[in-house]
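A.B. asks: Sharing coords34.cif, mmCIF, C-alpha atoms and all ligand atoms:
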```cif
data_my_file
#
loop_
_atom_site.group_PDB
_atom_site.id
_atom_site.type_symbol
_atom_site.label_atom_id
_atom_site.label_comp_id
_atom_site.auth_asym_id
_atom_site.auth_seq_id
_atom_site.Cartn_x
_atom_site.Cartn_y
_atom_site.Cartn_z
ATOM 1 C CA MET A 1 -115.084 -135.176 -33.485
ATOM 2 C CA LYS A 2 -112.105 -137.505 -33.349
ATOM 3 C CA GLU A 3 -109.259 -135.289 -34.602
ATOM 4 C CA LYS A 4 -107.475 -132.332 -32.976
ATOM 5 C CA ASP A 5 -108.238 -130.151 -36.011
ATOM 6 C CA LEU A 6 -110.930 -129.490 -38.607
ATOM 7 C CA LEU A 7 -109.155 -129.440 -41.962
ATOM 8 C CA GLY A 8 -111.889 -130.565 -44.355
ATOM 9 C CA LEU A 9 -114.976 -132.717 -44.827
ATOM 10 C CA LEU A 10 -113.280 -135.333 -47.054
ATOM 11 C CA HIS A 11 -112.035 -137.307 -44.040
ATOM 12 C CA LEU A 12 -114.910 -136.583 -41.636
ATOM 13 C CA SER A 13 -117.448 -139.374 -41.096
ATOM 14 C CA ALA A 14 -121.199 -138.931 -41.604
ATOM 15 C CA GLU A 15 -121.583 -139.328 -37.815
ATOM 16 C CA GLU A 16 -119.103 -136.518 -37.105
ATOM 17 C CA ILE A 17 -120.858 -134.205 -39.591
ATOM 18 C CA ASP A 18 -124.211 -135.107 -38.054
ATOM 19 C CA GLU A 19 -122.885 -134.330 -34.553
ATOM 20 C CA ILE A 20 -121.704 -130.867 -35.699
ATOM 21 C CA LEU A 21 -125.028 -130.112 -37.426
ATOM 22 C CA SER A 22 -127.099 -131.219 -34.428
ATOM 23 C CA LEU A 23 -125.119 -129.017 -32.036
ATOM 24 C CA GLY A 24 -125.111 -126.215 -34.635
ATOM 25 C CA LEU A 25 -128.923 -126.307 -34.782
ATOM 26 C CA GLU A 26 -129.064 -126.016 -30.997
ATOM 27 C CA MET A 27 -126.617 -123.067 -31.126
ATOM 28 C CA LYS A 28 -128.714 -121.413 -33.826
ATOM 29 C CA ARG A 29 -131.895 -121.747 -31.769
ATOM 30 C CA ARG A 30 -130.062 -120.093 -28.860
ATOM 31 C CA LEU A 31 -128.786 -117.258 -31.082
ATOM 32 C CA LYS A 32 -132.272 -116.687 -32.515
ATOM 33 C CA SER A 33 -133.667 -116.399 -28.981
ATOM 34 C CA GLY A 34 -131.043 -113.719 -28.274
ATOM 35 C CA ASP A 35 -128.838 -115.920 -26.084
ATOM 36 C CA LYS A 36 -125.172 -115.193 -26.890
ATOM 37 C CA THR A 37 -123.778 -116.387 -23.580
ATOM 38 C CA GLY A 38 -121.857 -119.652 -23.586
ATOM 39 C CA SER A 39 -118.970 -120.913 -21.510
ATOM 40 C CA ALA A 40 -117.614 -123.864 -23.522
ATOM 41 C CA LEU A 41 -114.453 -121.871 -24.351
ATOM 42 C CA ALA A 42 -114.080 -119.980 -21.054
ATOM 43 C CA GLY A 43 -110.370 -119.581 -20.282
ATOM 44 C CA LYS A 44 -109.366 -120.369 -23.884
ATOM 45 C CA SER A 45 -107.926 -118.169 -26.601
ATOM 46 C CA ALA A 46 -108.317 -118.180 -30.377
ATOM 47 C CA VAL A 47 -106.333 -116.457 -33.109
ATOM 48 C CA THR A 48 -107.758 -115.813 -36.573
ATOM 49 C CA LEU A 49 -104.867 -115.868 -39.060
ATOM 50 C CA PHE A 50 -106.127 -114.724 -42.445
ATOM 51 C CA TYR A 51 -103.824 -114.538 -45.489
ATOM 52 C CA GLU A 52 -106.806 -113.706 -47.747
ATOM 53 C CA ASN A 53 -109.669 -111.233 -47.434
ATOM 54 C CA SER A 54 -112.865 -112.192 -45.631
ATOM 55 C CA THR A 55 -115.968 -110.610 -44.168
ATOM 56 C CA ARG A 56 -118.285 -113.488 -43.215
ATOM 57 C CA THR A 57 -115.870 -116.225 -42.173
ATOM 58 C CA ARG A 58 -113.461 -114.166 -40.071
ATOM 59 C CA THR A 59 -116.182 -112.178 -38.322
ATOM 60 C CA SER A 60 -118.363 -115.204 -37.611
ATOM 61 C CA PHE A 61 -115.442 -117.197 -36.178
ATOM 62 C CA GLU A 62 -114.591 -114.236 -33.952
ATOM 63 C CA LEU A 63 -118.195 -113.865 -32.762
ATOM 64 C CA ALA A 64 -118.590 -117.636 -32.310
ATOM 65 C CA ALA A 65 -115.484 -117.861 -30.106
ATOM 66 C CA LYS A 66 -116.483 -114.765 -28.106
ATOM 67 C CA PHE A 67 -120.065 -116.005 -27.604
ATOM 68 C CA LEU A 68 -118.532 -119.156 -26.079
ATOM 69 C CA GLY A 69 -116.362 -117.165 -23.693
ATOM 70 C CA ALA A 70 -112.956 -117.238 -25.452
ATOM 71 C CA GLN A 71 -110.466 -114.391 -25.841
ATOM 72 C CA VAL A 72 -109.936 -113.668 -29.556
ATOM 73 C CA VAL A 73 -107.082 -111.975 -31.424
ATOM 74 C CA ASN A 74 -107.222 -111.238 -35.166
ATOM 75 C CA ILE A 75 -104.066 -111.282 -37.283
ATOM 76 C CA ALA A 76 -104.154 -109.958 -40.845
ATOM 77 C CA ALA A 77 -101.154 -111.320 -42.749
ATOM 78 C CA SER A 78 -100.673 -107.884 -44.330
ATOM 79 C CA SER A 79 -99.755 -106.394 -40.923
ATOM 80 C CA SER A 80 -97.908 -109.381 -39.411
ATOM 81 C CA SER A 81 -94.292 -110.597 -39.452
ATOM 82 C CA VAL A 82 -95.179 -112.682 -42.528
ATOM 83 C CA GLN A 83 -94.324 -109.448 -44.358
ATOM 84 C CA LYS A 84 -90.776 -109.748 -42.921
ATOM 85 C CA GLY A 85 -90.367 -113.254 -44.303
ATOM 86 C CA GLU A 86 -91.529 -115.368 -41.344
ATOM 87 C CA THR A 87 -92.706 -118.821 -42.406
ATOM 88 C CA LEU A 88 -96.167 -120.211 -41.704
ATOM 89 C CA VAL A 89 -94.717 -122.886 -39.407
ATOM 90 C CA ASP A 90 -92.695 -120.317 -37.413
ATOM 91 C CA THR A 91 -95.775 -118.106 -37.118
ATOM 92 C CA GLY A 92 -97.681 -121.131 -35.776
ATOM 93 C CA LYS A 93 -94.926 -121.982 -33.278
ATOM 94 C CA THR A 94 -94.953 -118.361 -32.081
ATOM 95 C CA LEU A 95 -98.711 -118.537 -31.448
ATOM 96 C CA ASP A 96 -98.247 -121.894 -29.661
ATOM 97 C CA ALA A 97 -95.573 -120.363 -27.422
ATOM 98 C CA MET A 98 -98.172 -117.831 -26.271
ATOM 99 C CA LYS A 99 -100.322 -120.767 -25.027
ATOM 100 C CA ASN A 100 -102.958 -120.069 -27.646
ATOM 101 C CA ASP A 101 -105.629 -122.786 -28.015
ATOM 102 C CA PHE A 102 -107.097 -122.324 -31.527
ATOM 103 C CA ILE A 103 -105.663 -121.112 -34.836
ATOM 104 C CA ILE A 104 -108.334 -120.378 -37.447
ATOM 105 C CA ILE A 105 -106.514 -120.024 -40.741
ATOM 106 C CA ARG A 106 -107.398 -118.896 -44.254
ATOM 107 C CA HIS A 107 -104.575 -119.286 -46.771
ATOM 108 C CA PRO A 108 -104.262 -119.120 -50.587
ATOM 109 C CA MET A 109 -102.317 -122.420 -50.653
ATOM 110 C CA GLY A 110 -104.289 -125.654 -50.546
ATOM 111 C CA GLY A 111 -102.835 -127.765 -47.711
ATOM 112 C CA ALA A 112 -101.490 -124.842 -45.619
ATOM 113 C CA PRO A 113 -103.848 -125.610 -42.653
ATOM 114 C CA LYS A 114 -102.688 -129.269 -42.696
ATOM 115 C CA LEU A 115 -99.031 -128.225 -42.597
ATOM 116 C CA LEU A 116 -99.783 -125.918 -39.675
ATOM 117 C CA ALA A 117 -101.846 -128.564 -37.849
ATOM 118 C CA GLU A 118 -98.933 -131.014 -38.062
ATOM 119 C CA THR A 119 -96.553 -128.561 -36.412
ATOM 120 C CA VAL A 120 -98.584 -126.840 -33.664
ATOM 121 C CA LYS A 121 -100.290 -127.994 -30.459
ATOM 122 C CA ALA A 122 -103.269 -125.646 -30.952
ATOM 123 C CA HIS A 123 -106.443 -126.850 -32.665
ATOM 124 C CA VAL A 124 -106.291 -125.720 -36.300
ATOM 125 C CA VAL A 125 -109.523 -124.894 -38.119
ATOM 126 C CA ASN A 126 -109.448 -124.453 -41.889
ATOM 127 C CA ALA A 127 -111.305 -121.260 -42.843
ATOM 128 C CA GLY A 128 -110.627 -121.843 -46.572
ATOM 129 C CA ASP A 129 -107.390 -123.065 -48.210
ATOM 130 C CA GLY A 130 -106.851 -122.151 -51.846
ATOM 131 C CA MET A 131 -109.021 -124.270 -54.136
ATOM 132 C CA ASN A 132 -109.051 -127.179 -51.674
ATOM 133 C CA GLU A 133 -111.715 -127.020 -48.917
ATOM 134 C CA HIS A 134 -113.842 -124.601 -46.891
ATOM 135 C CA PRO A 135 -115.361 -127.048 -44.408
ATOM 136 C CA THR A 136 -117.274 -124.656 -42.149
ATOM 137 C CA GLN A 137 -118.918 -123.037 -45.201
ATOM 138 C CA ALA A 138 -120.275 -126.417 -46.321
ATOM 139 C CA LEU A 139 -121.336 -127.199 -42.743
ATOM 140 C CA LEU A 140 -123.266 -123.924 -42.507
ATOM 141 C CA ASP A 141 -124.860 -124.617 -45.893
ATOM 142 C CA MET A 142 -125.952 -128.064 -44.701
ATOM 143 C CA LEU A 143 -127.182 -126.627 -41.408
ATOM 144 C CA THR A 144 -129.377 -124.184 -43.361
ATOM 145 C CA MET A 145 -130.737 -127.041 -45.500
ATOM 146 C CA ARG A 146 -131.418 -129.265 -42.487
ATOM 147 C CA GLU A 147 -133.164 -126.401 -40.699
ATOM 148 C CA ASN A 148 -135.438 -125.857 -43.710
ATOM 149 C CA PHE A 149 -136.124 -129.453 -44.754
ATOM 150 C CA GLY A 150 -135.527 -131.334 -41.487
ATOM 151 C CA ARG A 151 -133.053 -133.624 -43.281
ATOM 152 C CA ILE A 152 -130.231 -133.763 -45.829
ATOM 153 C CA GLU A 153 -130.802 -137.316 -47.067
ATOM 154 C CA GLY A 154 -132.636 -137.409 -50.383
ATOM 155 C CA LEU A 155 -132.287 -133.693 -51.122
ATOM 156 C CA LYS A 156 -131.250 -132.649 -54.604
ATOM 157 C CA VAL A 157 -128.749 -129.773 -54.581
ATOM 158 C CA ALA A 158 -127.792 -128.005 -57.823
ATOM 159 C CA ILE A 159 -124.508 -126.067 -57.756
ATOM 160 C CA LEU A 160 -123.888 -123.509 -60.522
ATOM 161 C CA GLY A 161 -120.887 -121.232 -60.922
ATOM 162 C CA ASP A 162 -117.108 -121.220 -60.710
ATOM 163 C CA ILE A 163 -116.706 -124.811 -59.584
ATOM 164 C CA ARG A 164 -113.067 -125.111 -60.726
ATOM 165 C CA HIS A 165 -111.783 -122.497 -58.291
ATOM 166 C CA SER A 166 -114.274 -123.273 -55.528
ATOM 167 C CA ARG A 167 -113.307 -124.815 -52.195
ATOM 168 C CA VAL A 168 -116.984 -124.390 -51.233
ATOM 169 C CA ALA A 169 -118.134 -126.714 -54.049
ATOM 170 C CA LYS A 170 -115.708 -129.452 -52.999
ATOM 171 C CA SER A 171 -116.539 -129.318 -49.279
ATOM 172 C CA ASN A 172 -120.269 -129.296 -50.081
ATOM 173 C CA LEU A 173 -119.877 -132.257 -52.426
ATOM 174 C CA PHE A 174 -118.022 -134.299 -49.774
ATOM 175 C CA GLY A 175 -120.449 -133.385 -46.974
ATOM 176 C CA LEU A 176 -123.706 -133.637 -48.900
ATOM 177 C CA LYS A 177 -122.830 -137.015 -50.447
ATOM 178 C CA LYS A 178 -121.882 -138.435 -47.035
ATOM 179 C CA LEU A 179 -125.303 -137.440 -45.690
ATOM 180 C CA GLY A 180 -127.164 -138.925 -48.678
ATOM 181 C CA ALA A 181 -127.985 -135.893 -50.868
ATOM 182 C CA GLU A 182 -127.706 -135.785 -54.669
ATOM 183 C CA VAL A 183 -125.389 -133.107 -56.072
ATOM 184 C CA SER A 184 -125.619 -131.860 -59.659
ATOM 185 C CA MET A 185 -123.254 -129.256 -61.081
ATOM 186 C CA TYR A 186 -123.171 -127.004 -64.111
ATOM 187 C CA ALA A 187 -120.710 -124.369 -65.353
ATOM 188 C CA PRO A 188 -118.853 -123.507 -68.551
ATOM 189 C CA ARG A 189 -116.575 -126.499 -69.311
ATOM 190 C CA THR A 190 -113.605 -124.246 -68.547
ATOM 191 C CA LEU A 191 -114.829 -123.955 -64.946
ATOM 192 C CA ILE A 192 -115.418 -127.686 -64.281
ATOM 193 C CA PRO A 193 -112.333 -129.515 -62.973
ATOM 194 C CA GLU A 194 -111.577 -133.121 -63.900
ATOM 195 C CA GLY A 195 -112.657 -135.867 -61.523
ATOM 196 C CA LEU A 196 -115.667 -134.376 -59.734
ATOM 197 C CA ASP A 197 -117.926 -137.043 -61.255
ATOM 198 C CA ARG A 198 -115.690 -139.700 -59.668
ATOM 199 C CA MET A 199 -116.259 -137.945 -56.334
ATOM 200 C CA GLY A 200 -120.033 -138.350 -56.746
ATOM 201 C CA ALA A 201 -121.173 -135.169 -58.548
ATOM 202 C CA LYS A 202 -123.503 -135.368 -61.532
ATOM 203 C CA ILE A 203 -121.919 -133.065 -64.111
ATOM 204 C CA CYS A 204 -124.737 -131.728 -66.298
ATOM 205 C CA SER A 205 -124.732 -130.514 -69.865
ATOM 206 C CA SER A 206 -127.189 -127.650 -69.291
ATOM 207 C CA ARG A 207 -128.248 -125.487 -66.359
ATOM 208 C CA GLU A 208 -131.834 -126.714 -66.846
ATOM 209 C CA GLU A 209 -130.689 -130.327 -66.441
ATOM 210 C CA ALA A 210 -128.788 -129.419 -63.247
ATOM 211 C CA VAL A 211 -131.729 -127.566 -61.702
ATOM 212 C CA GLU A 212 -134.475 -130.040 -62.752
ATOM 213 C CA GLY A 213 -136.312 -131.152 -59.590
ATOM 214 C CA ALA A 214 -133.800 -129.432 -57.262
ATOM 215 C CA ASP A 215 -134.647 -128.628 -53.645
ATOM 216 C CA VAL A 216 -131.751 -126.158 -53.450
ATOM 217 C CA VAL A 217 -130.067 -124.057 -56.136
ATOM 218 C CA MET A 218 -126.675 -122.793 -54.995
ATOM 219 C CA GLY A 219 -124.795 -120.118 -56.941
ATOM 220 C CA LEU A 220 -121.023 -119.836 -56.561
ATOM 221 C CA ARG A 221 -119.013 -116.669 -56.986
ATOM 222 C CA ILE A 222 -117.010 -116.157 -60.159
ATOM 223 C CA GLN A 223 -113.516 -115.890 -58.639
ATOM 224 C CA LEU A 224 -111.873 -113.394 -60.975
ATOM 225 C CA GLU A 225 -108.899 -113.107 -58.587
ATOM 226 C CA ARG A 226 -107.991 -116.781 -59.195
ATOM 227 C CA GLN A 227 -108.495 -116.692 -62.980
ATOM 228 C CA LYS A 228 -106.242 -115.541 -65.787
ATOM 229 C CA GLY A 229 -109.313 -114.894 -67.949
ATOM 230 C CA GLY A 230 -110.580 -116.677 -71.024
ATOM 231 C CA ASN A 231 -112.939 -119.007 -69.136
ATOM 232 C CA PHE A 232 -116.012 -117.209 -70.497
ATOM 233 C CA PRO A 233 -116.410 -114.218 -72.835
ATOM 234 C CA SER A 234 -117.744 -111.582 -70.393
ATOM 235 C CA LEU A 235 -119.614 -111.289 -67.092
ATOM 236 C CA GLY A 236 -122.736 -110.229 -68.997
ATOM 237 C CA GLU A 237 -122.601 -113.352 -71.161
ATOM 238 C CA TYR A 238 -121.871 -115.499 -68.112
ATOM 239 C CA ALA A 239 -125.045 -114.173 -66.444
ATOM 240 C CA LYS A 240 -127.104 -114.706 -69.600
ATOM 241 C CA TYR A 241 -125.977 -118.242 -70.436
ATOM 242 C CA TYR A 242 -124.791 -119.777 -67.130
ATOM 243 C CA GLY A 243 -126.295 -117.786 -64.241
ATOM 244 C CA ALA A 244 -129.482 -118.571 -62.316
ATOM 245 C CA ASN A 245 -132.596 -116.467 -62.938
ATOM 246 C CA GLU A 246 -136.340 -116.644 -62.272
ATOM 247 C CA GLU A 247 -136.955 -118.525 -65.554
ATOM 248 C CA LEU A 248 -134.435 -121.220 -64.600
ATOM 249 C CA MET A 249 -136.011 -121.683 -61.146
ATOM 250 C CA LYS A 250 -139.184 -122.990 -62.865
ATOM 251 C CA TYR A 251 -137.237 -126.234 -63.467
ATOM 252 C CA ALA A 252 -136.592 -126.635 -59.727
ATOM 253 C CA LYS A 253 -139.154 -127.907 -57.187
ATOM 254 C CA PRO A 254 -141.752 -125.267 -56.272
ATOM 255 C CA GLY A 255 -140.340 -123.107 -53.459
ATOM 256 C CA ALA A 256 -136.778 -124.410 -53.979
ATOM 257 C CA LEU A 257 -134.247 -122.534 -51.858
ATOM 258 C CA VAL A 258 -131.728 -120.128 -53.376
ATOM 259 C CA MET A 259 -128.350 -120.152 -51.654
ATOM 260 C CA HIS A 260 -124.936 -118.562 -52.182
ATOM 261 C CA PRO A 261 -121.886 -118.580 -49.872
ATOM 262 C CA GLY A 262 -121.196 -114.918 -50.587
ATOM 263 C CA PRO A 263 -119.827 -112.515 -51.444
ATOM 264 C CA VAL A 264 -122.246 -112.365 -54.407
ATOM 265 C CA ASN A 265 -121.563 -110.652 -57.708
ATOM 266 C CA ARG A 266 -125.104 -109.271 -58.032
ATOM 267 C CA GLY A 267 -126.674 -109.988 -61.402
ATOM 268 C CA VAL A 268 -123.884 -112.394 -62.432
ATOM 269 C CA GLU A 269 -124.272 -115.717 -60.577
ATOM 270 C CA LEU A 270 -127.856 -114.911 -59.459
ATOM 271 C CA THR A 271 -130.317 -112.190 -60.450
ATOM 272 C CA CYS A 272 -131.091 -109.515 -57.830
ATOM 273 C CA GLY A 273 -134.668 -110.877 -57.765
ATOM 274 C CA LEU A 274 -133.421 -114.291 -56.631
ATOM 275 C CA ILE A 275 -130.915 -112.853 -54.139
ATOM 276 C CA ASP A 276 -133.566 -110.727 -52.435
ATOM 277 C CA GLY A 277 -136.537 -113.041 -53.080
ATOM 278 C CA GLU A 278 -138.675 -115.029 -50.642
ATOM 279 C CA THR A 279 -136.900 -118.311 -51.241
ATOM 280 C CA SER A 280 -133.426 -116.825 -50.758
ATOM 281 C CA ARG A 281 -131.619 -118.144 -47.666
ATOM 282 C CA ILE A 282 -128.417 -116.127 -48.182
ATOM 283 C CA GLU A 283 -128.810 -114.072 -44.992
ATOM 284 C CA GLU A 284 -129.958 -117.157 -43.087
ATOM 285 C CA GLN A 285 -126.707 -118.834 -44.164
ATOM 286 C CA VAL A 286 -124.755 -116.052 -42.447
ATOM 287 C CA LEU A 287 -126.399 -116.756 -39.054
ATOM 288 C CA SER A 288 -125.913 -120.487 -39.626
ATOM 289 C CA GLY A 289 -122.218 -119.630 -40.018
ATOM 290 C CA VAL A 290 -121.941 -118.254 -36.487
ATOM 291 C CA ALA A 291 -123.889 -121.229 -35.083
ATOM 292 C CA VAL A 292 -121.957 -123.949 -36.893
ATOM 293 C CA ARG A 293 -118.622 -122.358 -35.949
ATOM 294 C CA MET A 294 -119.737 -122.296 -32.303
ATOM 295 C CA ALA A 295 -120.487 -126.018 -32.650
ATOM 296 C CA VAL A 296 -117.113 -126.819 -34.256
ATOM 297 C CA LEU A 297 -115.080 -124.868 -31.686
ATOM 298 C CA SER A 298 -116.924 -126.332 -28.708
ATOM 299 C CA LEU A 299 -116.673 -129.909 -30.031
ATOM 300 C CA LEU A 300 -112.929 -129.528 -30.613
ATOM 301 C CA ALA A 301 -112.507 -128.110 -27.092
ATOM 302 C CA LYS A 302 -114.627 -130.937 -25.635
ATOM 303 C CA GLU A 303 -112.422 -133.532 -27.295
ATOM 304 C CA GLU A 304 -109.412 -131.952 -25.600
ATOM 305 C CA THR A 305 -110.931 -132.221 -22.085
ATOM 306 C CA ALA A 306 -112.065 -135.792 -22.815
ATOM 307 C CA CYS A 307 -108.433 -136.769 -23.518
HETATM 308 N N1 LIG A 401 -118.259 -117.338 -47.863
HETATM 309 C C1 LIG A 401 -117.096 -116.799 -47.453
HETATM 310 O O1 LIG A 401 -116.102 -117.501 -47.220
HETATM 311 O O2 LIG A 401 -117.131 -115.434 -47.334
HETATM 312 P P1 LIG A 401 -115.910 -114.510 -46.885
HETATM 313 O O3 LIG A 401 -114.869 -114.574 -47.970
HETATM 314 O O4 LIG A 401 -116.514 -113.133 -46.719
HETATM 315 O O5 LIG A 401 -115.362 -115.051 -45.597
#
```
What is this structure when it is put down as structure tokens?
Ligand code: CP
C.D. replies:
Amino acid sequence: MKEKDLLGLLHLSAEEIDEILSLGLEMKRRLKSGDKTGSALAGKSAVTLFYENSTRTRTSFELAAKFLGAQVVNIAASSSSVQKGETLVDTGKTLDAMKNDFIIIRHPMGGAPKLLAETVKAHVVNAGDGMNEHPTQALLDMLTMRENFGRIEGLKVAILGDIRHSRVAKSNLFGLKKLGAEVSMYAPRTLIPEGLDRMGAKICSSREEAVEGADVVMGLRIQLERQKGGNFPSLGEYAKYYGANEELMKYAKPGALVMHPGPVNRGVELTCGLIDGETSRIEEQVLSGVAVRMAVLSLLAKEETAC
């Protein structure tokens, strides 16, 4: 990796993504064998700075850093000096003054990690910024696909759900296209933002068209917290007309994988049968998350020693 920080996949090269996935696969093999002992971050410290809720991302970054030998401190914005009016930049400078090495940030404003990265010495890793990007989520999704298929090139990935509000959809689109996959998308028109077709997505006019011949069907969470309502009539109708179910999967390739970044609204984006079924890789994605975050943190640290 060439940069000090990981802010998104838009500006990462195919080679850099490939390097992360290759190391991530090695980390995942080690985790699966029960080996959680690494030393790439020995003597380093990491702070997770989360201004939005999280289970998977925050915990897996913490475990990843600890498995590599770092000291980790978690800051929830709700209990920090942000509540007293401290700015993001001043919070970052405070963490820098403590000789901290990594800031892993989740923030509701798109661009907040970039602003922080420009003002601190620590490596900044974007753990999800507003509706912009969630790079390590897309990397863990691609790691899961590569582990299952042995490649990303030539795969057809169908993404269904709340694409408008999804940083996961954008990071996956950027990453998957760079590695040669096809990406088709379907959602109510109210949940499809302008311009995704210009970024390489095939915007489909039915869920059957999106899923036709797919190797992977990815559901995305309906983000009610980012919506004012009126994008679809009700959750029940969303599930019936836009969600993925067993009938829809008949249009995909036999054995196509079912994925979802989580948290899932059960029975809305995906039926319970698909979530818990044999082709579901949702739990596998969670372990990929620890592995790919280990890869990202150790590559960023390696770059530092190389300089
Ligand atoms: N996928 C994801 O970002 O999950 P969390 O919100 O639980 O971190």
A.B. asks: Select the residues contacting ligand LIG 401 (chain A) at a distance of at most 8 Å, based on all atoms listed in the file, then format the selection as a ChimeraX atom specification.
C.D. replies: /A:53-59,127-128,134,137,168,261-263
A.B. asks: Restrict the selected residues to C-alpha atoms and save them as a compact mmCIF listing (two decimals), keeping the file's coordinate frame.
C.D. replies:
```txt
# COMPACT_ATOMS: atom_id res chain seq x y z
CA ASN A 53 -109.67 -111.23 -47.43
CA SER A 54 -112.86 -112.19 -45.63
CA THR A 55 -115.97 -110.61 -44.17
CA ARG A 56 -118.28 -113.49 -43.22
CA THR A 57 -115.87 -116.22 -42.17
CA ARG A 58 -113.46 -114.17 -40.07
CA THR A 59 -116.18 -112.18 -38.32
CA ALA A 127 -111.30 -121.26 -42.84
CA GLY A 128 -110.63 -121.84 -46.57
CA HIS A 134 -113.84 -124.60 -46.89
CA GLN A 137 -118.92 -123.04 -45.20
CA VAL A 168 -116.98 -124.39 -51.23
CA PRO A 261 -121.89 -118.58 -49.87
CA GLY A 262 -121.20 -114.92 -50.59
CA PRO A 263 -119.83 -112.52 -51.44
```
A.B. asks: Assuming the chain letters and numbering stay as they are in my file, what does the PyMOL selection byres (((chain A and resi 76) around 9) and not hetatm) actually select? List them as a list in words.
C.D. replies: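 Listing what the PyMOL selection byres (((chain A and resi 76) around 9) and not hetatm) selects in the shown file: Thr48, Leu49, Phe50, Tyr51, Glu52, Asn53, Asn74, Ile75, Ala77, Ser78, Ser79 and Ser80 of chain A.
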A.B. asks: To test your reading of the syntax: which residues would the PyMOL selection byres (((chain A and resi 248-256) around 7) and not hetatm) return for the file shown? Reply as a PyMOL selection string.
C.D. replies: chain A and resi 208+211-216+244-247+257-258+279
A.B. asks: If we count only C-alpha atoms and set the cut-off at 12 Å, which residues sit around Asn265 in chain A, ignoring sequence neighbours fewer than 2 positions away in its own chain? Please answer as an MDAnalysis selection string.
C.D. replies: chainID A and resid 161:162 219:224 235:236 238:239 243 260:263 267:272 275
A.B. asks: Give me the residues near Leu191 in chain A as a short mmCIF file (atom, residue, chain, number, x, y, z; two decimals) with C-alpha atoms, keeping the file's coordinate frame, where near means some atom within 12 Å (using only C-alpha atoms) and where sequence neighbours in that chain fewer than 2 positions away do not count.
C.D. replies:
```
data_model
loop_
_atom_site.label_atom_id
_atom_site.label_comp_id
_atom_site.auth_asym_id
_atom_site.auth_seq_id
_atom_site.Cartn_x
_atom_site.Cartn_y
_atom_site.Cartn_z
CA LEU A 160 -123.89 -123.51 -60.52
CA GLY A 161 -120.89 -121.23 -60.92
CA ASP A 162 -117.11 -121.22 -60.71
CA ILE A 163 -116.71 -124.81 -59.58
CA ARG A 164 -113.07 -125.11 -60.73
CA HIS A 165 -111.78 -122.50 -58.29
CA SER A 166 -114.27 -123.27 -55.53
CA ALA A 169 -118.13 -126.71 -54.05
CA MET A 185 -123.25 -129.26 -61.08
CA TYR A 186 -123.17 -127.00 -64.11
CA ALA A 187 -120.71 -124.37 -65.35
CA PRO A 188 -118.85 -123.51 -68.55
CA ARG A 189 -116.58 -126.50 -69.31
CA PRO A 193 -112.33 -129.51 -62.97
CA GLU A 194 -111.58 -133.12 -63.90
CA LEU A 196 -115.67 -134.38 -59.73
CA ILE A 203 -121.92 -133.06 -64.11
CA LEU A 220 -121.02 -119.84 -56.56
CA ARG A 221 -119.01 -116.67 -56.99
CA ILE A 222 -117.01 -116.16 -60.16
CA GLN A 223 -113.52 -115.89 -58.64
CA LEU A 224 -111.87 -113.39 -60.98
CA ARG A 226 -107.99 -116.78 -59.20
CA GLN A 227 -108.50 -116.69 -62.98
CA GLY A 229 -109.31 -114.89 -67.95
CA GLY A 230 -110.58 -116.68 -71.02
CA ASN A 231 -112.94 -119.01 -69.14
CA PHE A 232 -116.01 -117.21 -70.50
CA TYR A 238 -121.87 -115.50 -68.11
CA TYR A 242 -124.79 -119.78 -67.13
#
```
A.B. asks: In Å to one decimal, how far is CA of Lys2 in chain A from CA of Val296 in chain A?
C.D. replies: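 So the two atoms, CA of Val296 in chain A and CA of Lys2 in chain A, lie 11.8 Å apart.
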A.B. asks: Selection in question (the file shown): the PyMOL selection byres (((chain A and resi 149-158) around 6) and not hetatm). Which residues does it include, as JSON, numbers by chain?
C.D. replies: {"A": [145, 146, 147, 148, 159, 179, 180, 181, 182, 183, 184, 185, 210, 211, 214, 215, 216, 217]}
A.B. asks: One decimal, Å: what's the distance from CA of Gly69 in chain A over to CA of Glu16 in chain A, could you say?
C.D. replies: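 Separation of CA of Gly69 in chain A and CA of Glu16 in chain A: 23.7 Å.
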A.B. asks: Between A:Leu21, A:Leu6, A:Val73, A:Leu139, single out the one closest to Leu116 in chain A, counting all atoms listed in the file.
C.D. replies: A:Leu6
A.B. asks: Might you pull out every residue within 6 Å of range 120-126 of chain A, with all atoms listed in the file counted and same-chain residues fewer than 6 positions away left off, and present them as a CSV table (one decimal) with C-alpha atoms, in the frame of the given file?
C.D. replies:
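The result, stored in part-v6.csv:
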```csv
chain,number,residue,atom,x,y,z
A,4,LYS,CA,-107.5,-132.3,-33.0
A,5,ASP,CA,-108.2,-130.2,-36.0
A,6,LEU,CA,-110.9,-129.5,-38.6
A,7,LEU,CA,-109.2,-129.4,-42.0
A,101,ASP,CA,-105.6,-122.8,-28.0
A,102,PHE,CA,-107.1,-122.3,-31.5
A,103,ILE,CA,-105.7,-121.1,-34.8
A,104,ILE,CA,-108.3,-120.4,-37.4
A,105,ILE,CA,-106.5,-120.0,-40.7
A,113,PRO,CA,-103.8,-125.6,-42.7
```
A.B. asks: With all atoms listed in the file as the atoms that count, which of A:Ala291, A:Met27, A:Leu274, A:Met1 lies nearest to Asp141 in chain A?
C.D. replies: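 Of the candidates, the smallest distance to Asp141 in chain A is held by A:Ala291.
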A.B. asks: If we count only C-alpha atoms and set the cut-off at 7 Å, which residues sit around Pro135 in chain A, ignoring sequence neighbours fewer than 6 positions away in its own chain? Please answer as a count of residues only.
C.D. replies: 4
A.B. asks: Using Å and a single decimal, report how far CA of Leu88 in chain A sits from CA of Ser60 in chain A.
C.D. replies: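 Rounded to one decimal, the two atoms are 23.1 Å apart.
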A.B. asks: Which residue gives the smallest distance to Leu143 in chain A among A:Thr190, A:Ser298, A:Ser288, A:Asn172, with all atoms listed in the file counted?
C.D. replies: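 Checking each candidate against Leu143 in chain A, we get A:Ser288 as the closest.
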